[in-house]
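Undergrad: Just my_file03.tsv, nothing more (TSV, N, CA and C atoms):
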chain	number	residue	atom	x	y	z
A	5	MET	N	6.98	0.26	21.71
A	5	MET	CA	7.25	0.87	20.43
A	5	MET	C	6.03	1.70	20.03
A	6	GLN	N	6.26	2.82	19.43
A	6	GLN	CA	5.18	3.73	19.05
A	6	GLN	C	5.01	3.76	17.54
A	7	VAL	N	3.75	3.78	17.09
A	7	VAL	CA	3.44	3.85	15.67
A	7	VAL	C	3.66	5.28	15.18
A	8	LYS	N	4.40	5.42	14.08
A	8	LYS	CA	4.62	6.72	13.45
A	8	LYS	C	3.63	6.84	12.30
A	9	THR	N	2.94	7.97	12.21
A	9	THR	CA	1.96	8.19	11.15
A	9	THR	C	2.44	9.27	10.20
A	10	ASP	N	2.37	8.97	8.90
A	10	ASP	CA	2.63	9.95	7.85
A	10	ASP	C	1.34	10.16	7.07
A	11	ILE	N	1.05	11.40	6.72
A	11	ILE	CA	-0.09	11.73	5.86
A	11	ILE	C	0.50	12.36	4.61
A	12	ILE	N	0.31	11.68	3.48
A	12	ILE	CA	0.96	12.10	2.24
A	12	ILE	C	-0.11	12.51	1.23
A	13	PRO	N	-0.14	13.79	0.86
A	13	PRO	CA	-1.11	14.23	-0.15
A	13	PRO	C	-0.66	13.81	-1.55
A	14	ASN	N	-1.62	13.42	-2.39
A	14	ASN	CA	-1.38	13.11	-3.80
A	14	ASN	C	-0.22	12.13	-4.01
A	15	MET	N	-0.17	11.07	-3.19
A	15	MET	CA	0.93	10.11	-3.25
A	15	MET	C	1.00	9.44	-4.63
A	16	CYS	N	2.15	9.50	-5.24
A	16	CYS	CA	2.40	8.93	-6.56
A	16	CYS	C	1.41	9.47	-7.60
A	17	GLY	N	1.01	10.71	-7.43
A	17	GLY	CA	0.08	11.34	-8.37
A	17	GLY	C	-1.37	11.01	-8.12
A	18	GLY	N	-1.67	10.37	-6.99
A	18	GLY	CA	-3.05	10.01	-6.66
A	18	GLY	C	-3.86	11.21	-6.17
A	19	LYS	N	-5.12	10.95	-5.84
A	19	LYS	CA	-6.03	11.98	-5.35
A	19	LYS	C	-6.18	11.88	-3.85
A	20	GLY	N	-6.26	13.02	-3.19
A	20	GLY	CA	-6.48	13.04	-1.75
A	20	GLY	C	-5.23	12.65	-0.97
A	21	GLU	N	-5.45	12.11	0.23
A	21	GLU	CA	-4.35	11.78	1.12
A	21	GLU	C	-4.25	10.28	1.34
A	22	VAL	N	-3.01	9.85	1.56
A	22	VAL	CA	-2.73	8.48	1.97
A	22	VAL	C	-2.20	8.56	3.39
A	23	ILE	N	-2.80	7.80	4.30
A	23	ILE	CA	-2.38	7.77	5.70
A	23	ILE	C	-1.58	6.49	5.91
A	24	ILE	N	-0.35	6.63	6.37
A	24	ILE	CA	0.52	5.47	6.57
A	24	ILE	C	0.87	5.37	8.05
A	25	ASN	N	0.43	4.30	8.69
A	25	ASN	CA	0.77	4.00	10.09
A	25	ASN	C	1.88	2.96	10.09
A	26	HIS	N	3.11	3.41	10.31
A	26	HIS	CA	4.28	2.54	10.26
A	26	HIS	C	4.27	1.60	11.47
A	27	ILE	N	4.17	0.29	11.21
A	27	ILE	CA	4.18	-0.71	12.28
A	27	ILE	C	5.61	-0.90	12.78
A	28	LEU	N	6.56	-0.96	11.87
A	28	LEU	CA	7.97	-1.08	12.21
A	28	LEU	C	8.73	0.10	11.63
A	29	GLY	N	9.76	0.54	12.34
A	29	GLY	CA	10.61	1.61	11.88
A	29	GLY	C	11.82	1.08	11.14
A	30	GLU	N	12.68	1.98	10.70
A	30	GLU	CA	13.87	1.62	9.93
A	30	GLU	C	14.77	0.64	10.68
A	31	LYS	N	14.94	0.87	11.99
A	31	LYS	CA	15.80	-0.02	12.79
A	31	LYS	C	15.26	-1.44	12.80
A	32	GLU	N	13.95	-1.58	13.02
A	32	GLU	CA	13.34	-2.91	13.10
A	32	GLU	C	13.30	-3.61	11.73
A	33	LEU	N	13.19	-2.84	10.66
A	33	LEU	CA	13.18	-3.42	9.32
A	33	LEU	C	14.56	-3.95	8.93
A	34	ASN	N	15.60	-3.46	9.60
A	34	ASN	CA	16.95	-4.01	9.51
A	34	ASN	C	17.50	-4.09	8.09
A	35	GLY	N	17.15	-3.14	7.23
A	35	GLY	CA	17.69	-3.11	5.88
A	35	GLY	C	17.14	-4.19	4.96
A	36	LYS	N	16.20	-4.98	5.44
A	36	LYS	CA	15.65	-6.08	4.63
A	36	LYS	C	14.31	-5.70	3.98
A	37	CYS	N	13.63	-4.75	4.59
A	37	CYS	CA	12.32	-4.32	4.09
A	37	CYS	C	12.28	-2.80	4.03
A	38	GLY	N	11.48	-2.29	3.11
A	38	GLY	CA	11.33	-0.85	2.98
A	38	GLY	C	10.13	-0.32	3.73
A	39	LEU	N	9.15	-1.20	4.01
A	39	LEU	CA	7.93	-0.73	4.65
A	39	LEU	C	7.15	-1.91	5.21
A	40	TYR	N	6.63	-1.73	6.41
A	40	TYR	CA	5.61	-2.62	6.98
A	40	TYR	C	4.66	-1.68	7.70
A	41	ALA	N	3.45	-1.51	7.13
A	41	ALA	CA	2.55	-0.48	7.64
A	41	ALA	C	1.10	-0.79	7.32
A	42	GLU	N	0.22	-0.18	8.14
A	42	GLU	CA	-1.20	-0.12	7.82
A	42	GLU	C	-1.39	1.17	7.02
A	43	VAL	N	-2.07	1.04	5.89
A	43	VAL	CA	-2.29	2.18	5.01
A	43	VAL	C	-3.80	2.41	4.90
A	44	ILE	N	-4.20	3.68	4.92
A	44	ILE	CA	-5.62	4.03	4.86
A	44	ILE	C	-5.86	5.00	3.72
A	45	LEU	N	-6.84	4.63	2.88
A	45	LEU	CA	-7.35	5.53	1.84
A	45	LEU	C	-8.79	5.87	2.21
A	46	LYS	N	-9.07	7.14	2.43
A	46	LYS	CA	-10.43	7.60	2.70
A	46	LYS	C	-11.26	7.47	1.41
A	47	PRO	N	-12.58	7.48	1.51
A	47	PRO	CA	-13.42	7.41	0.31
A	47	PRO	C	-13.03	8.47	-0.72
A	48	GLY	N	-12.92	8.05	-1.97
A	48	GLY	CA	-12.55	8.95	-3.06
A	48	GLY	C	-11.07	9.17	-3.22
A	49	CYS	N	-10.25	8.68	-2.30
A	49	CYS	CA	-8.80	8.86	-2.38
A	49	CYS	C	-8.16	7.72	-3.17
A	50	THR	N	-6.99	8.01	-3.73
A	50	THR	CA	-6.28	7.01	-4.53
A	50	THR	C	-4.79	7.04	-4.21
A	51	LEU	N	-4.16	5.90	-4.39
A	51	LEU	CA	-2.71	5.78	-4.37
A	51	LEU	C	-2.31	5.59	-5.82
A	52	GLY	N	-1.65	6.59	-6.38
A	52	GLY	CA	-1.36	6.59	-7.81
A	52	GLY	C	-0.48	5.44	-8.27
A	53	TYR	N	-0.59	5.12	-9.55
A	53	TYR	CA	0.20	4.05	-10.16
A	53	TYR	C	1.68	4.37	-10.04
A	54	HIS	N	2.46	3.36	-9.63
A	54	HIS	CA	3.91	3.51	-9.50
A	54	HIS	C	4.56	2.14	-9.68
A	55	GLU	N	5.83	2.15	-10.06
A	55	GLU	CA	6.58	0.91	-10.27
A	55	GLU	C	7.56	0.68	-9.13
A	56	HIS	N	7.89	-0.59	-8.94
A	56	HIS	CA	8.88	-0.98	-7.93
A	56	HIS	C	10.11	-1.53	-8.64
A	57	HIS	N	11.28	-1.08	-8.20
A	57	HIS	CA	12.54	-1.53	-8.77
A	57	HIS	C	13.46	-1.94	-7.62
A	58	GLY	N	13.92	-3.20	-7.68
A	58	GLY	CA	14.77	-3.74	-6.62
A	58	GLY	C	14.00	-4.14	-5.38
A	59	GLU	N	12.68	-4.26	-5.52
A	59	GLU	CA	11.83	-4.61	-4.37
A	59	GLU	C	10.48	-5.12	-4.88
A	60	SER	N	9.74	-5.79	-3.99
A	60	SER	CA	8.38	-6.21	-4.29
A	60	SER	C	7.47	-5.64	-3.20
A	61	GLU	N	6.17	-5.56	-3.49
A	61	GLU	CA	5.23	-5.06	-2.48
A	61	GLU	C	3.97	-5.93	-2.47
A	62	THR	N	3.52	-6.25	-1.27
A	62	THR	CA	2.31	-7.02	-1.05
A	62	THR	C	1.32	-6.18	-0.25
A	63	TYR	N	0.05	-6.22	-0.65
A	63	TYR	CA	-1.03	-5.61	0.11
A	63	TYR	C	-1.93	-6.72	0.63
A	64	TYR	N	-2.37	-6.58	1.88
A	64	TYR	CA	-3.42	-7.44	2.43
A	64	TYR	C	-4.56	-6.51	2.82
A	65	ILE	N	-5.69	-6.61	2.12
A	65	ILE	CA	-6.81	-5.71	2.33
A	65	ILE	C	-7.54	-6.08	3.62
A	66	LEU	N	-7.65	-5.11	4.54
A	66	LEU	CA	-8.29	-5.33	5.83
A	66	LEU	C	-9.78	-4.96	5.81
A	67	THR	N	-10.10	-3.77	5.30
A	67	THR	CA	-11.48	-3.30	5.24
A	67	THR	C	-11.68	-2.46	3.98
A	68	GLY	N	-12.93	-2.36	3.57
A	68	GLY	CA	-13.27	-1.50	2.43
A	68	GLY	C	-13.19	-2.24	1.11
A	69	GLU	N	-13.30	-1.43	0.05
A	69	GLU	CA	-13.25	-1.99	-1.30
A	69	GLU	C	-12.64	-0.97	-2.23
A	70	GLY	N	-12.07	-1.48	-3.32
A	70	GLY	CA	-11.44	-0.58	-4.26
A	70	GLY	C	-11.14	-1.25	-5.57
A	71	ASN	N	-10.48	-0.50	-6.44
A	71	ASN	CA	-9.98	-1.01	-7.71
A	71	ASN	C	-8.46	-1.00	-7.65
A	72	TYR	N	-7.88	-2.16	-7.90
A	72	TYR	CA	-6.43	-2.33	-7.87
A	72	TYR	C	-5.92	-2.37	-9.30
A	73	ASN	N	-4.93	-1.52	-9.59
A	73	ASN	CA	-4.29	-1.48	-10.91
A	73	ASN	C	-3.07	-2.39	-10.83
A	74	ASP	N	-3.17	-3.56	-11.41
A	74	ASP	CA	-2.10	-4.56	-11.39
A	74	ASP	C	-1.33	-4.48	-12.71
A	75	ASN	N	-0.36	-3.57	-12.75
A	75	ASN	CA	0.48	-3.40	-13.93
A	75	ASN	C	-0.36	-3.16	-15.19
A	76	GLY	N	-1.43	-2.36	-15.03
A	76	GLY	CA	-2.28	-1.99	-16.17
A	76	GLY	C	-3.59	-2.73	-16.24
A	77	THR	N	-3.75	-3.80	-15.47
A	77	THR	CA	-5.00	-4.54	-15.43
A	77	THR	C	-5.76	-4.16	-14.15
A	78	ILE	N	-6.97	-3.63	-14.31
A	78	ILE	CA	-7.77	-3.18	-13.17
A	78	ILE	C	-8.64	-4.33	-12.67
A	79	ARG	N	-8.62	-4.55	-11.34
A	79	ARG	CA	-9.50	-5.57	-10.76
A	79	ARG	C	-9.99	-5.09	-9.40
A	80	PRO	N	-11.20	-5.51	-9.03
A	80	PRO	CA	-11.74	-5.10	-7.72
A	80	PRO	C	-11.04	-5.85	-6.59
A	81	VAL	N	-10.92	-5.17	-5.44
A	81	VAL	CA	-10.39	-5.81	-4.23
A	81	VAL	C	-11.30	-5.46	-3.06
A	82	LYS	N	-11.29	-6.37	-2.06
A	82	LYS	CA	-12.11	-6.18	-0.86
A	82	LYS	C	-11.39	-6.86	0.30
A	83	ALA	N	-11.95	-6.72	1.49
A	83	ALA	CA	-11.34	-7.31	2.69
A	83	ALA	C	-11.03	-8.79	2.46
A	84	GLY	N	-9.81	-9.18	2.84
A	84	GLY	CA	-9.35	-10.55	2.70
A	84	GLY	C	-8.53	-10.81	1.45
A	85	ASP	N	-8.55	-9.87	0.49
A	85	ASP	CA	-7.78	-10.05	-0.75
A	85	ASP	C	-6.31	-9.71	-0.52
A	86	ILE	N	-5.47	-10.36	-1.32
A	86	ILE	CA	-4.02	-10.14	-1.27
A	86	ILE	C	-3.57	-9.77	-2.68
A	87	THR	N	-2.68	-8.78	-2.76
A	87	THR	CA	-2.08	-8.41	-4.04
A	87	THR	C	-0.57	-8.55	-3.90
A	88	PHE	N	0.10	-8.79	-5.02
A	88	PHE	CA	1.56	-8.89	-5.02
A	88	PHE	C	2.09	-8.21	-6.26
A	89	THR	N	3.01	-7.29	-6.08
A	89	THR	CA	3.66	-6.59	-7.18
A	89	THR	C	5.14	-6.95	-7.16
A	90	PRO	N	5.61	-7.73	-8.13
A	90	PRO	CA	7.02	-8.11	-8.15
A	90	PRO	C	7.92	-6.98	-8.63
A	91	ASP	N	9.21	-7.18	-8.50
A	91	ASP	CA	10.23	-6.26	-8.98
A	91	ASP	C	9.98	-5.91	-10.45
A	92	SER	N	10.14	-4.65	-10.79
A	92	SER	CA	10.01	-4.11	-12.15
A	92	SER	C	8.58	-4.06	-12.67
A	93	LYS	N	7.60	-4.23	-11.79
A	93	LYS	CA	6.19	-4.11	-12.17
A	93	LYS	C	5.58	-2.96	-11.37
A	94	GLY	N	4.34	-2.58	-11.71
A	94	GLY	CA	3.71	-1.44	-11.06
A	94	GLY	C	2.31	-1.74	-10.59
A	95	HIS	N	1.81	-0.81	-9.76
A	95	HIS	CA	0.45	-0.94	-9.23
A	95	HIS	C	-0.06	0.40	-8.70
A	96	GLY	N	-1.36	0.46	-8.47
A	96	GLY	CA	-2.03	1.61	-7.87
A	96	GLY	C	-3.32	1.11	-7.25
A	97	LEU	N	-3.97	1.96	-6.44
A	97	LEU	CA	-5.17	1.53	-5.74
A	97	LEU	C	-6.10	2.72	-5.55
A	98	ASP	N	-7.39	2.51	-5.88
A	98	ASP	CA	-8.42	3.54	-5.71
A	98	ASP	C	-9.45	3.03	-4.70
A	99	ASN	N	-9.84	3.89	-3.76
A	99	ASN	CA	-10.94	3.56	-2.86
A	99	ASN	C	-12.23	3.90	-3.60
A	100	THR	N	-13.00	2.88	-3.95
A	100	THR	CA	-14.25	3.09	-4.68
A	100	THR	C	-15.48	2.99	-3.77
A	101	GLY	N	-15.26	2.72	-2.50
A	101	GLY	CA	-16.37	2.56	-1.56
A	101	GLY	C	-16.70	3.83	-0.81
A	102	ASP	N	-17.62	3.71	0.15
A	102	ASP	CA	-17.99	4.87	0.97
A	102	ASP	C	-17.51	4.72	2.41
A	103	SER	N	-16.51	3.86	2.62
A	103	SER	CA	-15.84	3.75	3.91
A	103	SER	C	-14.33	3.66	3.66
A	104	ASP	N	-13.55	3.74	4.73
A	104	ASP	CA	-12.09	3.68	4.59
A	104	ASP	C	-11.65	2.36	3.97
A	105	LEU	N	-10.68	2.43	3.07
A	105	LEU	CA	-10.01	1.25	2.54
A	105	LEU	C	-8.71	1.12	3.32
A	106	LYS	N	-8.61	0.08	4.15
A	106	LYS	CA	-7.42	-0.14	4.98
A	106	LYS	C	-6.72	-1.41	4.52
A	107	PHE	N	-5.38	-1.34	4.45
A	107	PHE	CA	-4.63	-2.52	4.06
A	107	PHE	C	-3.25	-2.49	4.71
A	108	MET	N	-2.69	-3.68	4.85
A	108	MET	CA	-1.31	-3.81	5.31
A	108	MET	C	-0.44	-3.80	4.07
A	109	ALA	N	0.68	-3.08	4.13
A	109	ALA	CA	1.62	-3.01	3.02
A	109	ALA	C	2.99	-3.48	3.49
A	110	LEU	N	3.61	-4.34	2.70
A	110	LEU	CA	4.94	-4.86	3.01
A	110	LEU	C	5.80	-4.74	1.77
A	111	ILE	N	6.88	-3.99	1.88
A	111	ILE	CA	7.87	-3.88	0.80
A	111	ILE	C	9.11	-4.66	1.22
A	112	ILE	N	9.50	-5.63	0.39
A	112	ILE	CA	10.67	-6.46	0.65
A	112	ILE	C	11.70	-6.17	-0.42
A	113	TYR	N	12.94	-5.90	0.01
A	113	TYR	CA	14.02	-5.67	-0.94
A	113	TYR	C	14.46	-6.99	-1.57
A	114	ASP	N	14.76	-6.93	-2.88
A	114	ASP	CA	15.26	-8.13	-3.60
A	114	ASP	C	16.73	-8.34	-3.29
Please render this file's structure as structure tokens.
TA:
Amino acid sequence: MQVKTDIIPNMCGGKGEVIINHILGEKELNGKCGLYAEVILKPGCTLGYHEHHGESETYYILTGEGNYNDNGTIRPVKAGDITFTPDSKGHGLDNTGDSDLKFMALIIYD
């Protein structure tokens, strides 16, 4: 299986580019998940605040550091941290460090 990479500028109104390395494709997700991917934010880049409806999203931070917007509450995150955004809530993420912020993202449909 081959990893598909998407580079999305200004994702959800954020700054810079978001690099998404899809670990599983639509067929493998089998209609149960919307995304399973490694996501990379370069220094100074952000993933803009957005809400989830009919799904939840979990991040597992692999490397780097940033500020996570948890439905309006900002908190720092670093390697080893886990975030969870339930249905009808929102989140965003800023890379505040001087190295790549890499994390695994999993979207599960409710």
Undergrad: Using all atoms listed in the file, which of the listed residues (A:Asn71, A:Gly96, A:Ala109, A:Lys82) sits closest to A:Glu42?
TA: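 For A:Glu42, the nearest of the candidates is A:Ala109.
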Undergrad: What is the atom CA of A:Gly70 to atom CA of A:Gly29 distance in Å?
TA: 27.4 Å
Undergrad: Figure out the distance between atom CA of A:Ser103 and atom CA of A:Asp74, please, to one decimal in Å.
TA: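 Straight-line distance from atom CA of A:Asp74 to atom CA of A:Ser103 works out to 22.2 Å.
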Undergrad: For each of A:Gly58, A:Ile27, A:Thr9, A:Gly52, take the minimum atom-to-atom distance to A:Tyr40, counting all atoms listed in the file, then give the residue where this is smallest.
TA: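 Answer, going by the shortest atom-to-atom distance: A:Ile27.
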Undergrad: Which neighbours of A:Leu110 fall inside 7 Å, counting only N, CA and C atoms, when residues of the same chain fewer than 6 positions from it are skipped, and could you give them as a PyMOL selection string?
TA: chain A and resi 37-41+60-64
Undergrad: Would you mind writing down, as a ChimeraX atom specification, each residue of chain A that DSSP on the backbone assigns to strand (DSSP E or B)?
TA: /A:8-13,21-26,37-45,50-55,59-67,69-74,77-82,86-89,94-99,105-113
Undergrad: A:His54, A:Lys106, A:Arg79, A:Lys93: which is nearest A:Gly17, counting only C-alpha atoms?
TA: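 The shortest atom-to-atom distance to A:Gly17 comes from A:His54.
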Undergrad: Distance cut-off 8 Å, centre (-8.0, 8.7, 4.0) in file coordinates, counting only C-alpha atoms: which residues qualify? Return them as a compact mmCIF listing (two decimals) with N, CA and C atoms, keeping the file's coordinate frame.
TA:
# COMPACT_ATOMS: atom_id res chain seq x y z
N GLY A 20 -6.26 13.02 -3.19
CA GLY A 20 -6.48 13.04 -1.75
C GLY A 20 -5.23 12.65 -0.97
N GLU A 21 -5.45 12.11 0.23
CA GLU A 21 -4.35 11.78 1.12
C GLU A 21 -4.25 10.28 1.34
N VAL A 22 -3.01 9.85 1.56
CA VAL A 22 -2.73 8.48 1.97
C VAL A 22 -2.20 8.56 3.39
N ILE A 23 -2.80 7.80 4.30
CA ILE A 23 -2.38 7.77 5.70
C ILE A 23 -1.58 6.49 5.91
N ILE A 44 -4.20 3.68 4.92
CA ILE A 44 -5.62 4.03 4.86
C ILE A 44 -5.86 5.00 3.72
N LEU A 45 -6.84 4.63 2.88
CA LEU A 45 -7.35 5.53 1.84
C LEU A 45 -8.79 5.87 2.21
N LYS A 46 -9.07 7.14 2.43
CA LYS A 46 -10.43 7.60 2.70
C LYS A 46 -11.26 7.47 1.41
N PRO A 47 -12.58 7.48 1.51
CA PRO A 47 -13.42 7.41 0.31
C PRO A 47 -13.03 8.47 -0.72
N CYS A 49 -10.25 8.68 -2.30
CA CYS A 49 -8.80 8.86 -2.38
C CYS A 49 -8.16 7.72 -3.17
N ASP A 104 -13.55 3.74 4.73
CA ASP A 104 -12.09 3.68 4.59
C ASP A 104 -11.65 2.36 3.97
N LEU A 105 -10.68 2.43 3.07
CA LEU A 105 -10.01 1.25 2.54
C LEU A 105 -8.71 1.12 3.32
Undergrad: Write out as an MDAnalysis selection string the residues lying within 7 Å of A:Asn73, counting only C-alpha atoms and excluding same-chain residues fewer than 3 positions away.
TA: chainID A and resid 76:79 95:97
Undergrad: Between atom CA of A:Lys36 and atom C of A:Pro13, what is the spacing in Å?
TA: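 For atom C of A:Pro13 relative to atom CA of A:Lys36, the distance reads 26.5 Å.
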Undergrad: May I ask which of the residues A:Asp102, A:Asp114, A:Met108, A:Gly68 is the closest one to A:Pro90, counting only C-alpha atoms?
TA: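 Under the stated criterion, the closest residue is A:Asp114.
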Undergrad: Could you write stretch 76-90 of chain A as a JSON list (two decimals), in the coordinates of the input, with N, CA, C and O atoms rebuilt where they are missing?
TA:
[["chain", "number", "residue", "atom", "x", "y", "z"],
["A", 76, "GLY", "N", -1.43, -2.36, -15.03],
["A", 76, "GLY", "CA", -2.28, -1.99, -16.17],
["A", 76, "GLY", "C", -3.59, -2.73, -16.24],
["A", 76, "GLY", "O", -4.47, -2.35, -17.00],
["A", 77, "THR", "N", -3.75, -3.80, -15.47],
["A", 77, "THR", "CA", -5.00, -4.54, -15.43],
["A", 77, "THR", "C", -5.76, -4.16, -14.15],
["A", 77, "THR", "O", -5.23, -4.31, -13.05],
["A", 78, "ILE", "N", -6.97, -3.63, -14.31],
["A", 78, "ILE", "CA", -7.77, -3.18, -13.17],
["A", 78, "ILE", "C", -8.64, -4.33, -12.67],
["A", 78, "ILE", "O", -9.30, -5.00, -13.47],
["A", 79, "ARG", "N", -8.62, -4.55, -11.34],
["A", 79, "ARG", "CA", -9.50, -5.57, -10.76],
["A", 79, "ARG", "C", -9.99, -5.09, -9.40],
["A", 79, "ARG", "O", -9.30, -4.36, -8.70],
["A", 80, "PRO", "N", -11.20, -5.51, -9.03],
["A", 80, "PRO", "CA", -11.74, -5.10, -7.72],
["A", 80, "PRO", "C", -11.04, -5.85, -6.59],
["A", 80, "PRO", "O", -10.62, -7.00, -6.77],
["A", 81, "VAL", "N", -10.92, -5.17, -5.44],
["A", 81, "VAL", "CA", -10.39, -5.81, -4.23],
["A", 81, "VAL", "C", -11.30, -5.46, -3.06],
["A", 81, "VAL", "O", -11.97, -4.44, -3.06],
["A", 82, "LYS", "N", -11.29, -6.37, -2.06],
["A", 82, "LYS", "CA", -12.11, -6.18, -0.86],
["A", 82, "LYS", "C", -11.39, -6.86, 0.30],
["A", 82, "LYS", "O", -10.34, -7.49, 0.11],
["A", 83, "ALA", "N", -11.95, -6.72, 1.49],
["A", 83, "ALA", "CA", -11.34, -7.31, 2.69],
["A", 83, "ALA", "C", -11.03, -8.79, 2.46],
["A", 83, "ALA", "O", -11.84, -9.54, 1.93],
["A", 84, "GLY", "N", -9.81, -9.18, 2.84],
["A", 84, "GLY", "CA", -9.35, -10.55, 2.70],
["A", 84, "GLY", "C", -8.53, -10.81, 1.45],
["A", 84, "GLY", "O", -7.87, -11.84, 1.34],
["A", 85, "ASP", "N", -8.55, -9.87, 0.49],
["A", 85, "ASP", "CA", -7.78, -10.05, -0.75],
["A", 85, "ASP", "C", -6.31, -9.71, -0.52],
["A", 85, "ASP", "O", -5.96, -8.89, 0.33],
["A", 86, "ILE", "N", -5.47, -10.36, -1.32],
["A", 86, "ILE", "CA", -4.02, -10.14, -1.27],
["A", 86, "ILE", "C", -3.57, -9.77, -2.68],
["A", 86, "ILE", "O", -4.00, -10.38, -3.66],
["A", 87, "THR", "N", -2.68, -8.78, -2.76],
["A", 87, "THR", "CA", -2.08, -8.41, -4.04],
["A", 87, "THR", "C", -0.57, -8.55, -3.90],
["A", 87, "THR", "O", -0.02, -8.45, -2.81],
["A", 88, "PHE", "N", 0.10, -8.79, -5.02],
["A", 88, "PHE", "CA", 1.56, -8.89, -5.02],
["A", 88, "PHE", "C", 2.09, -8.21, -6.26],
["A", 88, "PHE", "O", 1.65, -8.51, -7.38],
["A", 89, "THR", "N", 3.01, -7.29, -6.08],
["A", 89, "THR", "CA", 3.66, -6.59, -7.18],
["A", 89, "THR", "C", 5.14, -6.95, -7.16],
["A", 89, "THR", "O", 5.86, -6.53, -6.24],
["A", 90, "PRO", "N", 5.61, -7.73, -8.13],
["A", 90, "PRO", "CA", 7.02, -8.11, -8.15],
["A", 90, "PRO", "C", 7.92, -6.98, -8.63],
["A", 90, "PRO", "O", 7.44, -5.96, -9.15]]
